[in-house]
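Source file: query_37.txt; contents: compact mmCIF, C-alpha atoms.
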```
# COMPACT_ATOMS: atom_id res chain seq x y z
CA MET N 1485 0.00 0.00 0.00
CA THR N 1486 1.26 3.42 -0.93
CA SER N 1487 0.79 6.09 1.75
CA ARG N 1488 1.90 9.68 1.62
CA GLU N 1489 1.97 11.82 4.77
CA HIS N 1490 2.99 15.45 4.79
CA ASP N 1491 2.92 17.38 8.09
CA LEU N 1492 3.55 21.08 7.82
CA ALA N 1493 4.98 23.54 10.30
CA GLY N 1494 3.58 27.01 10.77
CA SER N 1495 5.18 30.01 9.13
CA GLU N 1496 7.56 32.22 11.03
CA GLY N 1497 6.64 35.79 11.86
CA THR N 1498 8.87 38.82 12.11
CA SER N 1499 6.71 41.12 14.26
CA THR N 1500 6.63 41.12 18.06
CA SER N 1501 3.85 39.41 20.01
CA ASP N 1502 2.39 42.75 21.20
CA GLU N 1503 2.33 44.16 17.66
CA THR N 1504 0.67 41.03 16.31
CA ASN N 1505 -1.95 40.92 19.06
CA GLY N 1506 -2.70 44.61 18.60
CA HIS N 1507 -3.13 44.24 14.86
CA GLN N 1508 -5.37 41.21 15.27
CA SER N 1509 -7.53 42.93 17.89
CA LYS N 1510 -8.06 45.83 15.51
CA SER N 1511 -8.92 43.43 12.68
CA LEU N 1512 -11.73 41.94 14.77
CA TYR N 1513 -13.76 45.12 14.28
CA GLU N 1514 -13.03 45.73 10.62
CA SER N 1515 -15.92 45.16 8.23
CA ARG N 1516 -15.43 42.24 5.89
CA TYR N 1517 -17.40 40.80 3.02
CA CYS N 1518 -19.13 37.46 3.30
CA PRO N 1519 -16.68 34.57 2.70
CA PHE N 1520 -19.03 33.18 0.05
CA ARG N 1521 -18.40 36.37 -1.92
CA THR N 1522 -14.68 36.76 -1.24
CA LEU N 1523 -13.70 33.14 -1.65
CA SER N 1524 -16.32 31.81 -4.05
CA GLY N 1525 -17.67 34.76 -6.01
CA VAL N 1526 -21.24 34.34 -4.74
CA ASP N 1527 -23.47 37.38 -5.26
CA CYS N 1528 -23.83 38.31 -1.58
CA SER N 1529 -23.78 41.96 -0.54
CA TRP N 1530 -23.50 41.34 3.22
CA LYS N 1531 -20.66 43.03 5.07
CA GLY N 1532 -19.91 42.99 8.79
CA ILE N 1533 -17.40 42.33 11.55
CA LEU N 1534 -15.89 38.92 12.17
CA SER N 1535 -18.12 38.00 15.11
CA ASP N 1536 -21.25 38.41 12.94
CA ILE N 1537 -20.08 36.23 10.02
CA GLU N 1538 -21.18 32.93 11.61
CA ALA N 1539 -24.74 34.17 12.21
CA HIS N 1540 -24.92 35.53 8.66
CA VAL N 1541 -23.74 32.23 7.14
CA ARG N 1542 -26.25 30.20 9.18
CA SER N 1543 -29.06 32.56 8.18
CA ASP N 1544 -28.38 33.46 4.55
CA HIS N 1545 -26.42 30.41 3.36
CA ALA N 1546 -28.16 27.67 5.32
CA SER N 1547 -28.62 25.48 2.23
CA GLU N 1548 -24.84 25.19 1.85
CA THR N 1549 -24.03 24.88 5.54
CA SER N 1550 -23.83 21.71 7.63
CA ASP N 1551 -23.23 20.85 11.28
CA LEU N 1552 -20.75 18.00 11.20
CA PRO N 1553 -18.50 15.93 13.47
CA VAL N 1554 -14.74 16.34 13.30
CA LYS N 1555 -14.46 13.63 10.64
CA PHE N 1556 -16.58 13.88 7.51
CA THR N 1557 -16.50 13.28 3.76
CA VAL N 1558 -17.18 15.83 1.04
CA ALA N 1559 -17.96 14.60 -2.47
CA LEU N 1560 -16.92 16.78 -5.39
CA GLN N 1561 -19.25 15.95 -8.25
CA ASN N 1562 -18.17 15.74 -11.90
CA ILE N 1563 -14.75 17.18 -11.21
CA SER N 1564 -12.79 18.71 -14.10
CA THR N 1565 -9.86 21.08 -14.63
CA ALA N 1566 -11.98 24.24 -14.41
CA GLU N 1567 -14.13 23.86 -11.33
CA HIS N 1568 -14.32 25.67 -7.99
CA TYR N 1569 -16.01 24.07 -4.98
CA ARG N 1570 -16.96 25.31 -1.53
CA LYS N 1571 -18.44 24.00 1.70
CA ALA N 1572 -19.22 25.78 4.97
CA VAL N 1573 -19.37 23.55 8.05
CA PHE N 1574 -19.91 24.12 11.75
CA ILE N 1575 -17.89 21.97 14.15
CA TRP N 1576 -18.23 22.57 17.91
CA GLY N 1577 -20.32 25.59 16.88
CA LYS N 1578 -17.35 27.12 15.05
CA LEU N 1579 -17.42 28.00 11.34
CA PHE N 1580 -14.93 26.44 8.92
CA TYR N 1581 -14.96 27.25 5.21
CA LEU N 1582 -13.52 24.64 2.85
CA ILE N 1583 -12.51 25.64 -0.65
CA TRP N 1584 -11.21 23.70 -3.65
CA VAL N 1585 -9.83 25.50 -6.71
CA LEU N 1586 -8.85 23.73 -9.93
CA LYS N 1587 -6.52 25.92 -11.96
CA ASN N 1588 -3.68 25.21 -14.41
CA ALA N 1589 -4.18 21.44 -14.06
CA THR N 1590 -3.71 21.70 -10.29
CA LEU N 1591 -6.11 21.14 -7.39
CA TYR N 1592 -5.73 23.67 -4.56
CA PHE N 1593 -7.39 23.15 -1.16
CA THR N 1594 -7.48 24.89 2.20
CA VAL N 1595 -9.67 25.45 5.26
CA PHE N 1596 -10.47 28.88 6.68
CA HIS N 1597 -11.35 29.50 10.31
CA PHE N 1598 -13.12 32.66 11.50
CA GLU N 1599 -11.07 33.82 14.45
CA THR N 1600 -7.71 35.57 14.82
CA GLN N 1601 -4.64 34.08 13.23
CA ASN N 1602 -3.32 32.92 16.61
CA GLU N 1603 -6.58 31.14 17.40
CA SER N 1604 -6.94 29.70 13.89
CA SER N 1605 -3.43 28.25 14.05
CA GLY N 1606 -4.68 26.12 16.95
CA PHE N 1607 -6.83 24.19 14.47
CA THR N 1608 -5.48 21.77 11.90
CA TYR N 1609 -7.11 19.80 9.14
CA LYS N 1610 -6.24 16.48 7.59
CA PHE N 1611 -7.12 16.11 3.91
CA ARG N 1612 -7.21 12.55 2.60
CA ILE N 1613 -8.18 10.85 -0.65
CA THR N 1614 -7.96 7.11 -1.06
CA GLY N 1615 -7.91 4.65 -3.94
CA TYR N 1616 -7.05 1.04 -4.58
CA LYS N 1617 -3.83 0.33 -2.66
CA ARG N 1618 -2.96 4.03 -2.53
CA LYS N 1619 -3.62 7.07 -0.38
CA VAL N 1620 -2.75 10.76 -0.25
CA SER N 1621 -2.93 12.26 3.24
CA VAL N 1622 -1.91 15.84 4.08
CA THR N 1623 -2.07 17.71 7.38
CA ASP N 1624 -1.90 21.50 7.61
CA THR N 1625 -2.98 24.43 9.77
CA CYS N 1626 -6.31 26.17 9.23
CA ARG N 1627 -5.99 29.69 7.85
CA SER N 1628 -7.55 32.78 9.40
CA TYR N 1629 -10.11 34.77 7.42
CA LEU N 1630 -8.69 37.87 9.13
CA GLN N 1631 -5.76 37.89 6.73
CA ASP N 1632 -5.54 40.52 4.03
CA LYS N 1633 -7.67 39.61 1.01
CA ARG N 1634 -4.58 39.27 -1.17
CA GLU N 1635 -3.21 36.69 1.28
CA VAL N 1636 -6.56 34.89 1.47
CA LEU N 1637 -6.61 34.46 -2.31
CA LYS N 1638 -2.93 33.50 -2.66
CA LEU N 1639 -2.98 29.93 -3.92
CA GLY N 1640 0.69 29.52 -3.06
CA GLU N 1641 -0.41 29.00 0.55
CA TYR N 1642 -2.90 26.25 -0.33
CA LEU N 1643 -2.39 22.49 -0.39
CA THR N 1644 -1.66 21.51 -4.00
CA LEU N 1645 -2.14 18.30 -5.97
CA HIS N 1646 -1.46 17.88 -9.67
CA TYR N 1647 -4.60 16.98 -11.62
CA GLY N 1648 -2.81 13.94 -13.06
CA THR N 1649 -2.61 12.60 -9.50
CA VAL N 1650 -6.21 13.56 -8.68
CA LYS N 1651 -7.53 11.64 -11.71
CA LYS N 1652 -6.25 8.39 -10.18
CA TYR N 1653 -8.77 8.81 -7.34
CA LEU N 1654 -11.89 9.75 -9.33
CA ASP N 1655 -14.86 7.39 -9.34
CA LYS N 1656 -16.64 6.23 -12.51
CA ASN N 1657 -18.75 9.42 -12.49
CA LYS N 1658 -15.67 11.67 -12.23
CA GLY N 1659 -16.42 12.37 -8.58
CA LEU N 1660 -13.77 12.88 -5.90
CA SER N 1661 -14.44 11.91 -2.27
CA CYS N 1662 -12.39 13.99 0.16
CA GLN N 1663 -12.08 12.85 3.76
CA ILE N 1664 -11.63 15.80 6.12
CA TYR N 1665 -10.60 15.68 9.77
CA ILE N 1666 -10.66 18.96 11.75
CA ARG N 1667 -8.64 18.93 14.95
CA GLY N 1668 -7.90 21.58 17.54
CA MET N 1669 -9.34 23.33 20.57
CA HIS N 1670 -13.11 23.25 20.89
CA SER N 1671 -15.23 25.82 22.71
CA THR N 1672 -14.36 24.50 26.19
CA GLY N 1673 -10.67 25.12 25.62
CA ASN N 1674 -9.80 21.41 25.73
CA PRO N 1675 -8.14 19.47 22.92
CA SER N 1676 -10.65 17.83 20.61
CA HIS N 1677 -10.81 14.06 20.32
CA ASP N 1678 -12.39 11.97 17.61
CA MET N 1679 -14.69 9.33 19.06
CA THR N 1680 -15.82 7.51 15.93
CA GLY N 1681 -12.62 6.79 14.05
CA GLU N 1682 -14.65 6.75 10.83
CA TYR N 1683 -15.57 9.29 8.14
CA GLU N 1684 -19.25 8.39 8.26
CA ALA N 1685 -20.77 11.86 7.98
CA VAL N 1686 -21.18 12.97 4.36
CA ALA N 1687 -21.64 16.62 3.45
CA SER N 1688 -24.17 17.67 0.82
CA ALA N 1689 -23.13 18.33 -2.77
CA VAL N 1690 -20.64 21.15 -3.10
CA SER N 1691 -21.54 23.92 -5.54
CA HIS N 1692 -19.24 25.06 -8.34
CA LEU N 1693 -18.84 28.60 -9.52
CA PRO N 1694 -20.28 30.07 -12.71
CA ASP N 1695 -17.47 31.24 -15.00
CA ASN N 1696 -18.24 34.94 -14.60
CA SER N 1697 -17.93 34.98 -10.82
CA ILE N 1698 -14.60 33.29 -10.16
CA PRO N 1699 -12.40 35.31 -7.73
CA HIS N 1700 -8.94 36.30 -8.90
CA PHE N 1701 -6.75 33.77 -7.14
CA SER N 1702 -3.06 34.61 -7.19
CA LEU N 1703 -0.27 32.19 -8.05
CA SER N 1704 2.48 34.64 -7.07
CA ALA N 1705 3.78 32.65 -4.11
CA SER N 1706 5.42 29.30 -4.51
CA SER N 1707 3.73 26.56 -2.53
CA ASN N 1708 5.43 24.46 0.10
CA HIS N 1709 2.27 22.47 0.73
CA SER N 1710 2.40 19.97 -2.10
CA PRO N 1711 3.19 16.37 -1.19
CA HIS N 1712 3.80 15.75 -4.88
CA SER N 1713 6.17 18.62 -5.74
CA SER N 1714 9.14 16.48 -4.72
CA THR N 1715 7.64 13.61 -6.72
CA ARG N 1716 7.53 15.75 -9.86
CA LEU N 1717 11.12 16.86 -9.27
CA SER N 1718 12.16 13.25 -8.75
CA SER N 1719 10.47 12.28 -12.01
CA VAL N 1720 12.43 14.95 -13.88
CA MET N 1721 15.66 13.85 -12.24
CA PHE N 1722 14.91 10.23 -13.08
CA PHE N 1723 14.19 11.17 -16.71
CA LEU N 1724 17.47 13.07 -17.00
CA SER N 1725 19.44 10.35 -15.21
CA TYR N 1726 17.88 7.68 -17.45
CA TYR N 1727 19.01 9.34 -20.64
CA PHE N 1728 22.36 10.33 -19.18
CA PHE N 1729 23.03 6.69 -18.22
CA TYR N 1730 22.07 5.37 -21.63
CA GLY N 1731 24.04 8.16 -23.25
CA LEU N 1732 27.11 6.95 -21.39
CA LEU N 1733 26.42 3.36 -22.52
CA VAL N 1734 26.16 4.44 -26.15
CA LEU N 1735 29.34 6.50 -25.83
CA PHE N 1736 31.12 3.53 -24.25
CA PHE N 1737 29.89 1.22 -27.03
CA PHE N 1738 31.10 3.48 -29.81
CA SER N 1739 34.40 4.09 -28.00
CA LEU N 1740 34.93 0.32 -27.76
CA LEU N 1741 33.93 -0.12 -31.40
CA PHE N 1742 36.35 2.60 -32.48
CA SER N 1743 39.11 1.05 -30.37
CA ARG N 1744 38.54 -2.37 -31.96
CA PHE N 1745 38.47 -0.81 -35.42
CA ALA N 1746 41.69 1.09 -34.72
CA THR N 1747 43.33 -2.12 -33.49
CA PHE N 1748 42.21 -3.96 -36.63
CA CYS N 1749 43.57 -1.22 -38.87
CA THR N 1750 46.85 -1.30 -36.98
CA HIS N 1751 47.14 -5.05 -37.47
CA VAL N 1752 46.39 -4.72 -41.19
CA TRP N 1753 48.93 -1.95 -41.58
CA ASN N 1754 51.58 -3.89 -39.69
CA SER N 1755 50.88 -6.95 -41.84
CA ILE N 1756 51.26 -4.95 -45.05
CA THR N 1757 54.40 -3.29 -43.79
CA PHE N 1758 55.92 -6.61 -42.73
CA GLN N 1759 55.25 -8.13 -46.15
CA HIS N 1760 56.79 -5.07 -47.81
CA TRP N 1761 60.01 -5.46 -45.86
CA ASP N 1762 60.15 -9.20 -46.65
CA VAL N 1763 60.09 -8.38 -50.35
```

Using structure tokens, write down the structure from this file.
Amino acid sequence: MTSREHDLAGSEGTSTSDETNGHQSKSLYESRYCPFRTLSGVDCSWKGILSDIEAHVRSDHASETSDLPVKFTVALQNISTAEHYRKAVFIWGKLFYLIWVLKNATLYFTVFHFETQNESSGFTYKFRITGYKRKVSVTDTCRSYLQDKREVLKLGEYLTLHYGTVKKYLDKNKGLSCQIYIRGMHSTGNPSHDMTGEYEAVASAVSHLPDNSIPHFSLSASSNHSPHSSTRLSSVMFFLSYYFFYGLLVLFFFSLLFSRFATFCTHVWNSITFQHWDV
């Protein structure tokens, strides 16, 4: 069985703790657009502070919102290379926004949490897709929706999988089942624990975006979150090494052939010369 695990460390900051806390406290009271609009291009005009987003999502986007346990499965229907998917879930009464973006033959995925960056970093998600005798499993930290919009839409910070890899896990209807496990601190301040051990809960169908409403996701930052980036590099290195090795074999063969030919010519010349001197 092939299993790929990729655990990621948090990014390092350069500001002091007081500066960071002060900036985050100020951000709590800044008006922000609905995540369905910012992240998924939904025509929603709502705008408010962070603490009101959860109530808005439950009220105005109830059809796309689910209360789920920490382990659940989301099915992406009829997946292709130009789809965007979204799913809002409540776990322990906290809002998490899952987003999938397919762009440039690559699947990007991340989970947003709606608290400060310090609090969001206390939550992690495990993303897993499985197939016959193979599995891709990636663990990363949830991202805060309090980040600047340019950072929120920067795909370089998302988990990335090449579409060629994703296709190996599609079902006969081109659907992709994603197993998600949210871990962290629940509302009581105690570490969360999974009690079922199974991904039994299944979220409703995830909507895809109409072409005219896709947000402008940036590819400016290089991603460190791809468990397959090293695989692609290894493939290139293997390709180059393969041809380099066979190139050396061909060179050795022709060198040997030339050496034998030179030896033969030398013997012929010596034979002719010897006969000449005998005469």

- prompt: What would the list of residues within 12 Å of (-21.5, 23.0, 9.0) (file frame) look like as a ChimeraX atom specification, if only C-alpha atoms are what count?
  reply: /N:1538,1541-1542,1545-1556,1558,1570-1582,1666,1685-1688

Pull C-alpha atoms from the residues just selected and write them as a compact mmCIF listing (two decimals), in the coordinates of the input.
```txt
# COMPACT_ATOMS: atom_id res chain seq x y z
CA GLU N 1538 -21.18 32.93 11.61
CA VAL N 1541 -23.74 32.23 7.14
CA ARG N 1542 -26.25 30.20 9.18
CA HIS N 1545 -26.42 30.41 3.36
CA ALA N 1546 -28.16 27.67 5.32
CA SER N 1547 -28.62 25.48 2.23
CA GLU N 1548 -24.84 25.19 1.85
CA THR N 1549 -24.03 24.88 5.54
CA SER N 1550 -23.83 21.71 7.63
CA ASP N 1551 -23.23 20.85 11.28
CA LEU N 1552 -20.75 18.00 11.20
CA PRO N 1553 -18.50 15.93 13.47
CA VAL N 1554 -14.74 16.34 13.30
CA LYS N 1555 -14.46 13.63 10.64
CA PHE N 1556 -16.58 13.88 7.51
CA VAL N 1558 -17.18 15.83 1.04
CA ARG N 1570 -16.96 25.31 -1.53
CA LYS N 1571 -18.44 24.00 1.70
CA ALA N 1572 -19.22 25.78 4.97
CA VAL N 1573 -19.37 23.55 8.05
CA PHE N 1574 -19.91 24.12 11.75
CA ILE N 1575 -17.89 21.97 14.15
CA TRP N 1576 -18.23 22.57 17.91
CA GLY N 1577 -20.32 25.59 16.88
CA LYS N 1578 -17.35 27.12 15.05
CA LEU N 1579 -17.42 28.00 11.34
CA PHE N 1580 -14.93 26.44 8.92
CA TYR N 1581 -14.96 27.25 5.21
CA LEU N 1582 -13.52 24.64 2.85
CA ILE N 1666 -10.66 18.96 11.75
CA ALA N 1685 -20.77 11.86 7.98
CA VAL N 1686 -21.18 12.97 4.36
CA ALA N 1687 -21.64 16.62 3.45
CA SER N 1688 -24.17 17.67 0.82
```

Distance in Å - CA of Gln1663 in chain N versus CA of Leu1523 in chain N: 21.1 Å

- request: Please provide the set of residues having any atom within 7 Å of range 1587-1604 of chain N, restricted to only C-alpha atoms, with same-chain residues fewer than 6 positions apart removed, written as JSON, numbers by chain.
  value: {"N": [1508, 1534, 1565, 1566, 1579, 1580, 1581, 1626, 1627, 1628, 1629, 1630, 1639, 1642, 1643, 1644, 1645, 1646, 1647]}

- request: Name the residues in contact with Ile1563 in chain N at a cut-off of 10 Å, using only C-alpha atoms, excluding same-chain residues fewer than 5 positions from it; report them as number ranges by chain.
  value: N: 1568-1569, 1586, 1650-1651, 1654-1655, 1657-1660, 1692

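From CA of Ser1543 in chain N back to CA of Tyr1517 in chain N, the distance works out to 15.2 Å.
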
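Note that CA of Phe1611 in chain N and CA of Ile1664 in chain N are 5.0 Å apart.
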
Starting from 3 Å padding per side, set up an axis-aligned box that covers all listed atoms of range 1748-1756 of chain N and hand over centre and edge lengths in Å, one decimal, as JSON.
```
{"center_x": 46.9, "center_y": -4.1, "center_z": -40.8, "size_x": 15.4, "size_y": 11.7, "size_z": 14.4}
```

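Comparing the minimum interatomic distances between Asp1624 in chain N and each of N:Lys1656, N:Gly1668, N:Phe1737, N:Gly1648, counting all atoms listed in the file, we find that N:Gly1668 sits nearest.
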
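The smallest atom-to-atom distance between Ala1539 in chain N and any of N:Ala1559, N:Cys1518, N:Ile1756, N:Val1620, using all atoms listed in the file, is found for N:Cys1518.
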
- line: Between N:Trp1753, N:Phe1742, N:Tyr1513, N:Tyr1665, smallest distance to Lys1531 in chain N by all atoms listed in the file belongs to N:Tyr1513
